[in-house]
Amino acid sequence: GGGSGSSKDGGSQGKDTVTVAFRTPNWILPISAPGFTQGENAIFGQALYRSLYQYKLDGTAQYNIDPQRSMAEAPVVSDGGRTLTITLKDNAWSDGKPVTTRDIQFWYDLVRANKDKWASYRAGGLPDNIAQWSVKDDKTFSITTTKVFNTAWFVDNQLNKITPMPQHAWDKDSATAAVSDLASTPEGAKKVFDFLTAAAKDPKTYDSNELWKVNSGPWKLAKYVPNGEVTLAAQPNYSGVDKPRLAKIVLRPFTGDDAEFNVLRAGDIDYGYVPAANLSQEGYLKSKDYTVSPWYGWSVTYLQLNFNNPKTGVLFKQPYLRQSLQMLIDQPTISKVIWSGTAAPTCGPVPAKPGTNGADAAGCAYSFDPAKAKELLESHGWKVTPDGQTTCQSPGTGPNQCGDGVAAGTALNFTVTSQTGFAATTKMFAEIKSQMAKLGIQLTIKEVPDSVAVTPACKPADATCSWDMSFFGSQGSWYYPAFASGERLFATGAPVNLGSYSNPEADKLIEATQFSGDESALKAYNDFLAKDLPVLWMPNPVFQVSAYRSGLQGVEPQDPMNFMYFQDWSWK
Amino acid sequence: MTTLSEPIRPGAVPDQPADADAPVRGLWRQGLAVFCENRLALVGLGLFVLLAGICFLGPLFYHTDQVHTDLTAVHLAPGEQGHPLGTDGVGYDQLGRLMLGGQTSIIVGLAAGILATAVGTVWGAVAGFAGGWVDSAMMRVVDAMMSIPSLFLFMLLAAIVTPSVSMLIVIIGAFAWLGPARLVRGEALTLRSREYVQAMRGMGGTGGRAVRRHIVPNAIGTVIVNATFQVADAILYVAYLSFLGLGVPPPAANWGGMLSDGLADTYSGHWWLLYPPGIAIILIVLAFNFIGDGMRDAFEVRLRRR
Amino acid sequence: MSESTVRHAPAAGEPAVVQPLLELRDLDTDIALRRGTVHALDGVSLQVMPGETLGVVGESGSGKTMTALSIMGLLPPGGRVTGGQILFEGRDLRSLSADEVRRIRGVRMGMVFQDPLTSLNPTMRIGVQVGEPLRVHERVGRAEARERTIEILRRVGMPRPERIVDNYPHELSGGMRQRVAIAMALVCSPRLLIADEPTTALDVTTQRQILELIDDLREEFGMAVVLVTHDLGVIAGRADRVAVMYAGRVVETAATEELFRSPRHRYTEALMEALPESAVRESGEHARLYSIPGLPPDLSRPLTGCRFAPRCRHVTDECRTTEVTLSAGEHQHACLHPVPAGSAAPLSRPGPVQVQPVSDPAAPAAGPGEPAAEPVLSVRDLVKNYAAHGRGLLRRTAGQVSAVAGVSFDVGPGETFGLVGESGCGKSTVGRLAVGLERPTAGQILLDGTDLAGLAGRERRRMHRQVQLMFQDSYAAMNPRMRVDAILAEPLEIQKVGGPAARRARIATLLDQVGLSRRVLERYPHEFSGGQLQRIGLARSLALQPRLIVGDEPVSALDVSIQAQVLNLMRDLQRELGLAYVFISHDLSVVDYMADRIGVMYLGKLVEVGPARDVVRAARHPYTQALIDAVPSVTPNAATERDGVTIRGELPSALNPPTGCRFRTRCPLAQDICETEPPLAGDAHQVACHFPLRPESTAASARAGAAA
Amino acid sequence: MVRYLITRLGQALVVVVLVTVIAFLILHLLPGGAARATLGKEATLEQLAAFNHDMGYDRPWLQQYGMYVQRLLQGDLGYSYQLNQSVVEAISQRLPKTMVLSLLSTVLAIVLAIPLGVIQAVRRNRWPDYAITSLSLLAYATPIFFMGLMMIILFSQVWPILPPEAPQGFTVAEVLADPAGLVLPTITLAIVTIAVYSRYVRSAMVDNLNENYVRTARSKGLSERRVVLRHTLRNGLFPVIALLGMYLPALFSGALVVESLFNFPGMGQLFWQAALKRDFPILLGVTVIISIATVVGALVADLLYAAVDPRVRLQRSAS
Ligand SMILES: Nc1ncnc2c1ncn2[C@@H]1O[C@H](COP(=O)(O)OP(=O)(O)OP(=O)(O)O)[C@@H](O)[C@H]1O
Ligand SMILES: Nc1ncnc2c1ncn2[C@@H]1O[C@H](COP(=O)(O)OP(=O)(O)OP(=O)(O)O)[C@@H](O)[C@H]1O
Ligand SMILES: [Mg+2]
Ligand SMILES: [Mg+2]
């Protein structure tokens, strides 16, 4: 371990190495298992095993496909969008063997036979939605889907999961067995998958196991300490165009933000991040020759409302109430003051194009407006008592009544389940609580280490359904793949639709984003949900505020989808 | 952390036996006298009174809005816009916040400390009296829980039940009783064999009476002294839990929480968010420890003879 | 000048020739306390000649220890010598540097402390501790130090010294430890040995051994000894000259015989009269003890005049005002109204009576010892074993401690039964069993004919009214957090006697009976002196109007004068209330004074039972005789007249006691037959011995006959 | 000796078993099971169910406990899904770090606490005593993390002479290879310990200085120095030995905080992260290991105490 021993020379051991503050990745197999989908694993994976397609969101490329990095040309669409034909570029594995369709077939076989063990599997998604998978030759293969999908969606949100895997090295069920076509049969595929998974579940052998020595990525694993430092070394015979410029990348984990920042300040790492509370330190860091730059994510942030809550569900179902609640969240100010400008208002389900991330809420359907919110409540039969207890006075379903299922005298008391460990989040809810209090809406804040764990999607009958609001967006609630459609967030019964929001209109629009090739579908969907408020939109914090040595080039632009391309990095 | 409540006997300078005509001096008065001779104890008492006064009475004279945030006045430096200690990240007046937080800290500390002592006393006394296998069984339980670092236990619980003030009290109380339990048991064991208990038995007295009239009154000193240390520790525990992100959620403030939030501001130059709560905690914990020491002297001396 | 000359009546003027080894001139010592200061010593002047033994007596608190400590320069925290001189070998220790004093202390002086249990370093091997002065002051090597240590240990009569050196203190018995302490003091062969109550914590038999040892060593080393004690007997036997202290002053000094023959100071006189010996009369009906009223003064207050004045029979106003200084001459005293010189000694103590019975028809026939009536307490073959708890790491095979092994005796109404024996012989255990504090392993305890074992619940509780226990240390026996009224009310509450009012009344009468003022009621135990506490304790045991009181060493912790008060009180109450006592003590003279009949215990067995005077004057069991001989008598140099049995060694462990006659291991007369256990034989004066010293006195048997 | 050892070991065993039971019970109070916490918000119900089944969380807890104990006996503490590591591995990876930290700070603490305590006792109720007492109480009253932060600010920011971070190596050798990095954590952790120990030493010394045997020693004309060092100190230190065993848990608590402050991923860190993420196997494992360590520590301390202090026999027979 380099550690502080090497810190004297400012972290980087010589000029061809970069030390990065980075959580230790703990999954190496390109087929991710549930629970191992964290960002660090994705980046780690890309470094060793490139996925078939890689994306960039600057809007230049077709389907957002990054022409340089991707291992294949953009798909050719035929028979009304049902069939996509893909041609591989010339790439080789680190052991010299060419990357062929066989390797992709291999991936497909494994995934198909073990989809239930695959983190990214969704019923109806890949591979279920593939009717036919045919390999033409070493370099070309074609996919025929069950229905006609919006190609952009399919390419961005489905094909993005494909990663070529070295069949010639991995297609066996034991370390000693000879490589064969085992995976071509489902049973064989299961065996192989189990073998590979077992290997992946033994991190201490990551840097020694022969399996992982065959890479397609620009890096190879030089040293791996479970939950400790990880060292990537440049892959000498890397076949891609984006050859690494540095010899070594040292990934160093930290026990916490404070620890990380102490070390950053002491100048012991080349690339780290600035905890929100310490943004005022920008000046100091600059003086120590660091560049501080926020990393905007392809993400939205929101406050989940539990529509199925037996008590408060009925309230959330009232559009006017959701609107007035939304109007009490001063996104611009919170972003500016509490997040020190490192967050930007979320207005709808589709993130603003990266870069355009200004701290204004111009595009938002409901801007901060307590007066309007008050009026809205009063006009719907609520007696608003500031700093008191606002109650429903005229129940009923009429236009100026509280609405369906809201009994007389109902009070507006909500409990929000938030996250511990984020000063900004805590402050943010203090602010929101105080705003709501002014309208007699009582917000109880309950901070837990892992809010997702205790606020599952539920049926009204469930014991676990007692939660009102849930927040897990201290670093962004949801990061989209290249195509920001909401089928997993806001569709009825969608896996991550924790609040059980359900709206036929919304479902229809989401369908459209997936199946019609029509460009405007996404916009329609966005505009509708932005208004209908399936959740309360919250300031969307940057993924992190990076701080890196000014001498370090190629860090920018930081990829909105949270990938890090170390190969682009180099010292001035 | 362990309490400092190990017996520190004061010097063996004995008192003269008061002969039969000397003025009558109650045990409490004598104890008080001794307590007052321990300067540190007096300092501690003074500190406590001062801090408690500021926290509980302060708000009556120094009105601040600790309910509504004011994002237009965040991180004001001390003195600015009439905030003697400045404001915090959402515009709360820091001085007022300290008072509020002090209330929580002191209440949690006292309540948890007392709860722990109460539980421990009962447990220890029962074990000490029952003796035999009951005793050893009960004590093994204590050993077991003691062999798990208390902070770990608190963390576990705090991670389970989302801490509110009352919850915090219960959590800490539920695990801090081990020390007192051991202490009281030891006390009970020795007291049980004291000659005056024998004498009472010799008059046909029952075990129950032994406990009521002899053991409890004599163990009470130890217990009270221990309680003060428990309080001090409880306050520290809250601080640690807050540091680990398991403290009381906003807007309920407590010094521990304010301090650990302040840590984030270490380099931001907002010193008024870090040092005041830090110093406050140190002072209150100091105060209780000093008081504890003084009380120990008092309780011991007042019973010494020749 | 030879030993003997010093020993016998040092002629006047001799001190001029030889310069004293140690001389104190107007020594003042203060001890700073939390509240005020204690003027522990006030103008103490003493002389110690080379090779002589100076006895320092006085009751507790009189300043004996402080004198010793002042000389050694070992005053407790806050203690300071504020005035006067300490001339040792002509040099004033106060004027010397601390280091010099230290050397002198280590090399030229040695000191033996009272409590052998605590005065040795528990975690240091005996050898190291004893040898330390050699290593420090004489810089001798380890090996040599060890050699000389073994040597000195041998000289203090330590068995197997070469083994002992590697032991730790807690592995030795009290007597052995005291020997170690002495060895430690003597290892540098000092000129002066200061022994502060060297034997107070020991049994009479051991005490005798130690005292003799000190005597021998003194002659052997030709050193001077300052023997500090509160026991006049000890002084009388051992000292050449005596200094009597009272309230931080020397009130009288004289040659031992001179002093005991004709004490001049009224305090000394009173002290002697307070001794039980002095009140023992041949007739069973002993004289009332003279008891000095009141308490010694509180030394933290300014005092004027003669300090004994408040308690003195012959006090005049003059005494209270004028400072009295020591008179000049050989026999110095500080008293304005001294006992006229040459008046008869207060002590008319006869030597040991001859075997022929004393025929005194008056006393015994009507004597309270008359066991005619149904006995209040009768004990039958009482056995008590304790499981010897494992000894920490080295769990010795956890055997049984045979604390009491088949003891039988009766106590008639209004009778006092004395129980004597060395420490650890089972006296207290018998006591605790008798009052039902513990359950016997075997045997019966009949109270008024009813067996305790049979009782339970209410009966058992009511039984406790009949018999009460009186403790040696009343302070320990009283809840320090209870006020006296609560303490006295407790038995009544427990036994549910009367209502609050009645109880208050009862308490009042109790206080009157034990002679305490009502004002004590709202005080706490720690505010009382030993004597007062003993009275309160007595009052408590009387509260339930028991028929029998078991006193476990009720006066052992008290000074002679206070002891006299308590003893008188007990006798008076006995007379008034017709109480019966079981009087436990290790002090024969006290038992002799108090008891009608005496039982002598040895290792859990009764070896001799009989009428007090017969047992004391005409002991039949060699052990009893040994005890009697061991008791230091106030008759000066009585030791020389002693011919009787002296026993060596110490009480064997009660863990696995000797078979047969348990005394045989120490008995001078022991023979093979003693391996069989002798029965307790005889009519009135029974003895359990194969070789009784004497046949039973006819008088005794006659009385027994009358009884039958 | 043997008998004592056996009984003592028996007790120790009981304690450890109880620990597992207690830990188990607590963990089964956890709401919102481990599954979501582990698999994240994207996990499907099927995946959650599968997870719970694999980990056995769907069984009745008694059965789970049974299985756990079974595996425990084979030295298997289970597998942490989140770390993708067997618990034994995870612990053996971190234990050395915590050990080094605890050991160093303990040693430092003892080395400093003893003289301090002695000075306090010898100068009792005079200014050195008051000064040290106040200081040690001050140290005790300061939350470790605050103390540690002050250290960092002072010695690696304001006056940068020491690294703000502990050595990153994972083996003892690696850790020790960078002494500079160990200074701040060790001192931070030691300071509180010093406070506690010095007061124990003080009281023990005070007691002993009032013992009669000290007077005896003086009467032998020994220098005050010798009296204190040769006679009192030894006896005064014995209770501290016993304390060492008892103090272990507190030490771990402290280590937990220090670790997170100085980026020193040891046992405490492991436990904390596990607690936040509901990583049951780790939580149990760490608890068991630490309690075993504590029990053994106490045992050793006891035996040591008994071995060095001849009085113990007396005390035991008395107790
Ligand atoms: N450590 C001490 N602190 C304060 N006062 C003391 C201390 N030791 C003794 N005294 C007081 O000094 C006076 C003389 O005490 P000292 O011990 O010399 O009496 P003593 O004759 O030795 O009594 P005893 O026979 O009980 O040993 C008494 O009034 C006693 O109360
Ligand atoms: N509770 C007990 N457990 C075990 N052994 C005991 C207990 N009480 C007394 N003994 C033992 O019984 C024997 C007699 O003890 P006891 O106290 O009756 O003697 P004693 O004559 O009163 O001695 P002393 O004169 O010192 O009071 C001793 O060997 C003692 O060690
Ligand atoms: Mg004395
Ligand atoms: Mg006794």
# chains A, B, ... in the order shown; residues from 1 in each chain; ligands from 1
call {"tool": "residues_near_ligand", "arguments": {"ligand": "ligand 1", "cutoff": "8 Å", "atoms": "only C-alpha atoms and all ligand atoms", "output": "PyMOL selection string"}}
result
(chain B and resi 12-17+306) or (chain C and resi 31-33+37-41+57-68+75-79+196-197+229-230+245+247-248+298-300)
call {"tool": "write_last_selection", "arguments": {"atoms": "C-alpha atoms", "output": "tab-separated table (two decimals), in the first residue's frame"}}
result
chain	number	residue	atom	x	y	z
B	12	ALA	CA	-7.02	8.46	56.19
B	13	VAL	CA	-6.98	11.50	58.38
B	14	PRO	CA	-9.58	10.43	60.89
B	15	ASP	CA	-12.07	12.67	62.60
B	16	GLN	CA	-12.04	13.08	66.27
B	17	PRO	CA	-14.87	11.18	67.87
B	306	ARG	CA	-11.49	7.63	64.59
C	31	ILE	CA	-1.58	16.66	64.16
C	32	ALA	CA	-3.34	18.92	61.73
C	33	LEU	CA	-6.83	17.72	61.00
C	37	THR	CA	-5.40	20.34	65.21
C	38	VAL	CA	-4.91	17.61	67.75
C	39	HIS	CA	-2.22	18.39	70.28
C	40	ALA	CA	-1.30	14.76	70.59
C	41	LEU	CA	1.73	15.38	72.78
C	57	VAL	CA	1.43	2.88	79.62
C	58	GLY	CA	-1.74	4.81	79.29
C	59	GLU	CA	-5.17	4.33	77.92
C	60	SER	CA	-6.06	4.67	74.31
C	61	GLY	CA	-5.48	8.11	72.94
C	62	SER	CA	-3.05	9.06	75.64
C	63	GLY	CA	-0.28	9.60	73.09
C	64	LYS	CA	1.82	6.49	73.44
C	65	THR	CA	1.99	5.76	69.74
C	66	MET	CA	2.52	9.40	68.90
C	67	THR	CA	5.47	9.49	71.27
C	68	ALA	CA	6.97	6.49	69.55
C	75	LEU	CA	4.17	10.90	62.24
C	76	PRO	CA	0.99	10.43	60.22
C	77	PRO	CA	0.02	12.91	57.51
C	78	GLY	CA	-0.38	16.31	59.11
C	79	GLY	CA	1.65	15.29	62.11
C	196	ASP	CA	4.28	-0.28	70.18
C	197	GLU	CA	1.76	-2.70	71.60
C	229	THR	CA	1.34	-0.88	75.91
C	230	HIS	CA	-1.98	-0.23	77.57
C	245	MET	CA	0.81	8.81	80.06
C	247	ALA	CA	-3.94	12.88	77.46
C	248	GLY	CA	-0.65	13.56	75.74
C	298	ASP	CA	-10.50	15.94	73.53
C	299	LEU	CA	-6.96	16.93	72.65
C	300	SER	CA	-8.04	19.21	69.87
call {"tool": "interface_residues", "arguments": {"of": "chain D", "to": "chain A", "cutoff": "9 Å", "atoms": "only C-alpha atoms", "output": "ChimeraX atom specification"}}
result
/D:31-48,50-51,81-86,90,93,152-153,156-157,160,163-170,174,177-178,180-181,259-265,269,273,275-277
call {"tool": "atom_distance", "arguments": {"atom1": "atom CA of B:Ile171", "atom2": "atom CA of B:Ala280"}}
result
23.1 Å
call {"tool": "interface_residues", "arguments": {"of": "chain C", "to": "chain B", "cutoff": "9 Å", "atoms": "only C-alpha atoms", "output": "PyMOL selection string"}}
result
chain C and resi 32-35+38+76-78+295+298+300+432+435-437+460-465+467-471+473-482+490-492+494-495+517+519-520+522-529+532+541+544
call {"tool": "write_last_selection", "arguments": {"atoms": "C-alpha atoms", "output": "PDB file, in the first residue's frame"}}
result
ATOM      1  CA  ALA C  32      -3.343  18.915  61.727  1.00  0.00           C
ATOM      2  CA  LEU C  33      -6.830  17.718  61.000  1.00  0.00           C
ATOM      3  CA  ARG C  34      -9.617  18.769  58.700  1.00  0.00           C
ATOM      4  CA  ARG C  35     -11.116  20.572  61.667  1.00  0.00           C
ATOM      5  CA  VAL C  38      -4.914  17.614  67.753  1.00  0.00           C
ATOM      6  CA  PRO C  76       0.990  10.431  60.222  1.00  0.00           C
ATOM      7  CA  PRO C  77       0.023  12.911  57.515  1.00  0.00           C
ATOM      8  CA  GLY C  78      -0.378  16.314  59.106  1.00  0.00           C
ATOM      9  CA  LEU C 295     -13.700  10.145  79.150  1.00  0.00           C
ATOM     10  CA  ASP C 298     -10.503  15.938  73.534  1.00  0.00           C
ATOM     11  CA  SER C 300      -8.036  19.212  69.867  1.00  0.00           C
ATOM     12  CA  ARG C 432     -23.418 -17.344  67.433  1.00  0.00           C
ATOM     13  CA  VAL C 435     -28.263 -17.111  69.876  1.00  0.00           C
ATOM     14  CA  GLY C 436     -29.439 -18.981  66.817  1.00  0.00           C
ATOM     15  CA  LEU C 437     -27.495 -16.898  64.304  1.00  0.00           C
ATOM     16  CA  ARG C 460     -38.077 -18.829  66.107  1.00  0.00           C
ATOM     17  CA  ARG C 461     -38.624 -15.101  66.042  1.00  0.00           C
ATOM     18  CA  ARG C 462     -40.025 -15.088  69.575  1.00  0.00           C
ATOM     19  CA  MET C 463     -37.091 -17.211  70.664  1.00  0.00           C
ATOM     20  CA  HIS C 464     -34.819 -14.336  69.785  1.00  0.00           C
ATOM     21  CA  ARG C 465     -36.426 -12.371  72.624  1.00  0.00           C
ATOM     22  CA  VAL C 467     -31.381 -14.549  74.113  1.00  0.00           C
ATOM     23  CA  GLN C 468     -29.382 -11.669  72.726  1.00  0.00           C
ATOM     24  CA  LEU C 469     -25.867 -11.258  71.381  1.00  0.00           C
ATOM     25  CA  MET C 470     -23.512  -8.500  72.466  1.00  0.00           C
ATOM     26  CA  PHE C 471     -20.691  -7.815  70.073  1.00  0.00           C
ATOM     27  CA  ASP C 473     -17.052  -4.169  68.193  1.00  0.00           C
ATOM     28  CA  SER C 474     -20.321  -2.408  68.764  1.00  0.00           C
ATOM     29  CA  TYR C 475     -19.539   0.105  66.071  1.00  0.00           C
ATOM     30  CA  ALA C 476     -19.407  -2.615  63.453  1.00  0.00           C
ATOM     31  CA  ALA C 477     -22.590  -4.015  64.947  1.00  0.00           C
ATOM     32  CA  MET C 478     -24.556  -0.821  64.422  1.00  0.00           C
ATOM     33  CA  ASN C 479     -25.803   0.492  61.108  1.00  0.00           C
ATOM     34  CA  PRO C 480     -23.737   3.646  60.615  1.00  0.00           C
ATOM     35  CA  ARG C 481     -26.671   5.348  58.928  1.00  0.00           C
ATOM     36  CA  MET C 482     -29.125   4.770  61.738  1.00  0.00           C
ATOM     37  CA  GLU C 490     -35.124  -1.935  65.945  1.00  0.00           C
ATOM     38  CA  PRO C 491     -35.429  -5.015  68.158  1.00  0.00           C
ATOM     39  CA  LEU C 492     -38.781  -3.774  69.400  1.00  0.00           C
ATOM     40  CA  ILE C 494     -38.800  -6.622  64.741  1.00  0.00           C
ATOM     41  CA  GLN C 495     -40.502  -8.332  67.623  1.00  0.00           C
ATOM     42  CA  SER C 517     -28.387  10.852  78.513  1.00  0.00           C
ATOM     43  CA  ARG C 519     -29.374  13.477  74.022  1.00  0.00           C
ATOM     44  CA  VAL C 520     -27.595  10.531  72.470  1.00  0.00           C
ATOM     45  CA  GLU C 522     -30.405  11.722  67.690  1.00  0.00           C
ATOM     46  CA  ARG C 523     -26.739  10.919  67.205  1.00  0.00           C
ATOM     47  CA  TYR C 524     -25.044   8.473  64.891  1.00  0.00           C
ATOM     48  CA  PRO C 525     -22.798   5.641  66.055  1.00  0.00           C
ATOM     49  CA  HIS C 526     -19.592   7.164  64.720  1.00  0.00           C
ATOM     50  CA  GLU C 527     -20.032  10.032  67.147  1.00  0.00           C
ATOM     51  CA  PHE C 528     -19.485   7.869  70.218  1.00  0.00           C
ATOM     52  CA  SER C 529     -16.513   6.506  72.068  1.00  0.00           C
ATOM     53  CA  GLN C 532     -20.507   4.590  75.024  1.00  0.00           C
ATOM     54  CA  SER C 541     -29.535  -6.341  73.716  1.00  0.00           C
ATOM     55  CA  LEU C 544     -36.338  -7.284  74.586  1.00  0.00           C
TER      56      LEU C 544
END
call {"tool": "residues_near_ligand", "arguments": {"ligand": "ligand 4", "cutoff": "7 Å", "atoms": "only C-alpha atoms and all ligand atoms", "output": "list in words"}}
result
Ser423, Gly424, Lys427, Ser428 and Asp552 of chain C
call {"tool": "residues_around", "arguments": {"residues": "A:Glu375", "least_positions_apart": "2", "cutoff": "12 Å", "atoms": "only C-alpha atoms", "output": "ChimeraX atom specification"}}
result
/A:320-321,323-324,327,369-373,377-384,400,439
call {"tool": "write_last_selection", "arguments": {"atoms": "C-alpha atoms", "output": "short mmCIF file (atom, residue, chain, number, x, y, z; two decimals), in the first residue's frame"}}
result
data_model
loop_
_atom_site.label_atom_id
_atom_site.label_comp_id
_atom_site.auth_asym_id
_atom_site.auth_seq_id
_atom_site.Cartn_x
_atom_site.Cartn_y
_atom_site.Cartn_z
CA TYR A 320 -53.86 19.91 -5.19
CA LEU A 321 -52.17 18.73 -2.01
CA GLN A 323 -48.95 20.68 -5.68
CA SER A 324 -49.10 22.78 -2.54
CA MET A 327 -44.77 24.76 -3.81
CA ASP A 369 -44.85 29.90 -3.65
CA PRO A 370 -46.14 29.51 -0.06
CA ALA A 371 -48.93 32.01 -0.61
CA LYS A 372 -50.27 30.03 -3.55
CA ALA A 373 -49.92 26.82 -1.63
CA LEU A 377 -55.31 24.40 0.53
CA GLU A 378 -57.91 26.87 1.67
CA SER A 379 -59.70 26.65 -1.67
CA HIS A 380 -59.99 22.94 -1.06
CA GLY A 381 -61.66 23.22 2.27
CA TRP A 382 -58.72 23.19 4.61
CA LYS A 383 -58.47 25.47 7.57
CA VAL A 384 -54.90 26.67 7.52
CA ASN A 400 -63.64 23.11 -3.27
CA LEU A 439 -48.87 26.36 6.75
#
call {"tool": "select_by_dssp", "arguments": {"residues": "stretch 481-524 of chain A", "states": "helix (DSSP H, G or I)", "output": "MDAnalysis selection string"}}
result
chainID A and resid 504:515 520:524
call {"tool": "write_last_selection", "arguments": {"atoms": "N, CA, C and O atoms", "output": "CSV table (one decimal), in the first residue's frame"}}
result
chain,number,residue,atom,x,y,z
A,504,PRO,N,-52.9,5.8,-15.2
A,504,PRO,CA,-53.0,5.3,-16.6
A,504,PRO,C,-52.3,6.2,-17.6
A,504,PRO,O,-51.5,5.7,-18.4
A,505,GLU,N,-52.6,7.4,-17.5
A,505,GLU,CA,-52.1,8.4,-18.5
A,505,GLU,C,-50.5,8.3,-18.5
A,505,GLU,O,-49.9,8.1,-19.5
A,506,ALA,N,-50.0,8.3,-17.3
A,506,ALA,CA,-48.5,8.2,-17.2
A,506,ALA,C,-48.0,6.9,-17.8
A,506,ALA,O,-47.1,6.9,-18.6
A,507,ASP,N,-48.7,5.8,-17.5
A,507,ASP,CA,-48.3,4.5,-18.0
A,507,ASP,C,-48.3,4.6,-19.6
A,507,ASP,O,-47.4,4.1,-20.2
A,508,LYS,N,-49.4,5.2,-20.1
A,508,LYS,CA,-49.4,5.3,-21.6
A,508,LYS,C,-48.2,6.0,-22.1
A,508,LYS,O,-47.5,5.5,-23.0
A,509,LEU,N,-47.9,7.1,-21.5
A,509,LEU,CA,-46.8,8.0,-22.0
A,509,LEU,C,-45.5,7.2,-21.9
A,509,LEU,O,-44.6,7.2,-22.8
A,510,ILE,N,-45.3,6.4,-20.8
A,510,ILE,CA,-44.1,5.7,-20.6
A,510,ILE,C,-44.0,4.6,-21.7
A,510,ILE,O,-42.9,4.5,-22.3
A,511,GLU,N,-45.1,3.9,-21.9
A,511,GLU,CA,-45.1,3.0,-23.0
A,511,GLU,C,-44.5,3.6,-24.3
A,511,GLU,O,-43.6,3.1,-24.9
A,512,ALA,N,-45.1,4.8,-24.6
A,512,ALA,CA,-44.7,5.5,-25.8
A,512,ALA,C,-43.2,5.7,-25.9
A,512,ALA,O,-42.6,5.4,-26.9
A,513,THR,N,-42.6,6.1,-24.7
A,513,THR,CA,-41.2,6.3,-24.8
A,513,THR,C,-40.4,5.0,-25.2
A,513,THR,O,-39.4,5.1,-25.8
A,514,GLN,N,-41.0,3.9,-24.8
A,514,GLN,CA,-40.3,2.7,-25.1
A,514,GLN,C,-40.6,2.2,-26.5
A,514,GLN,O,-39.7,1.6,-27.1
A,515,PHE,N,-41.9,2.3,-27.0
A,515,PHE,CA,-42.2,1.6,-28.2
A,515,PHE,C,-42.4,2.4,-29.4
A,515,PHE,O,-42.1,1.9,-30.5
A,520,SER,N,-40.8,12.9,-29.7
A,520,SER,CA,-41.4,13.8,-28.8
A,520,SER,C,-42.0,13.0,-27.6
A,520,SER,O,-42.4,13.6,-26.6
A,521,ALA,N,-42.0,11.7,-27.7
A,521,ALA,CA,-42.6,10.9,-26.6
A,521,ALA,C,-42.0,11.2,-25.3
A,521,ALA,O,-42.7,11.5,-24.3
A,522,LEU,N,-40.7,11.3,-25.3
A,522,LEU,CA,-40.0,11.5,-24.0
A,522,LEU,C,-40.4,12.9,-23.4
A,522,LEU,O,-40.7,13.0,-22.2
A,523,LYS,N,-40.5,13.9,-24.3
A,523,LYS,CA,-40.9,15.2,-23.8
A,523,LYS,C,-42.3,15.2,-23.2
A,523,LYS,O,-42.6,15.6,-22.1
A,524,ALA,N,-43.2,14.5,-24.0
A,524,ALA,CA,-44.6,14.4,-23.5
A,524,ALA,C,-44.6,13.8,-22.1
A,524,ALA,O,-45.2,14.3,-21.2
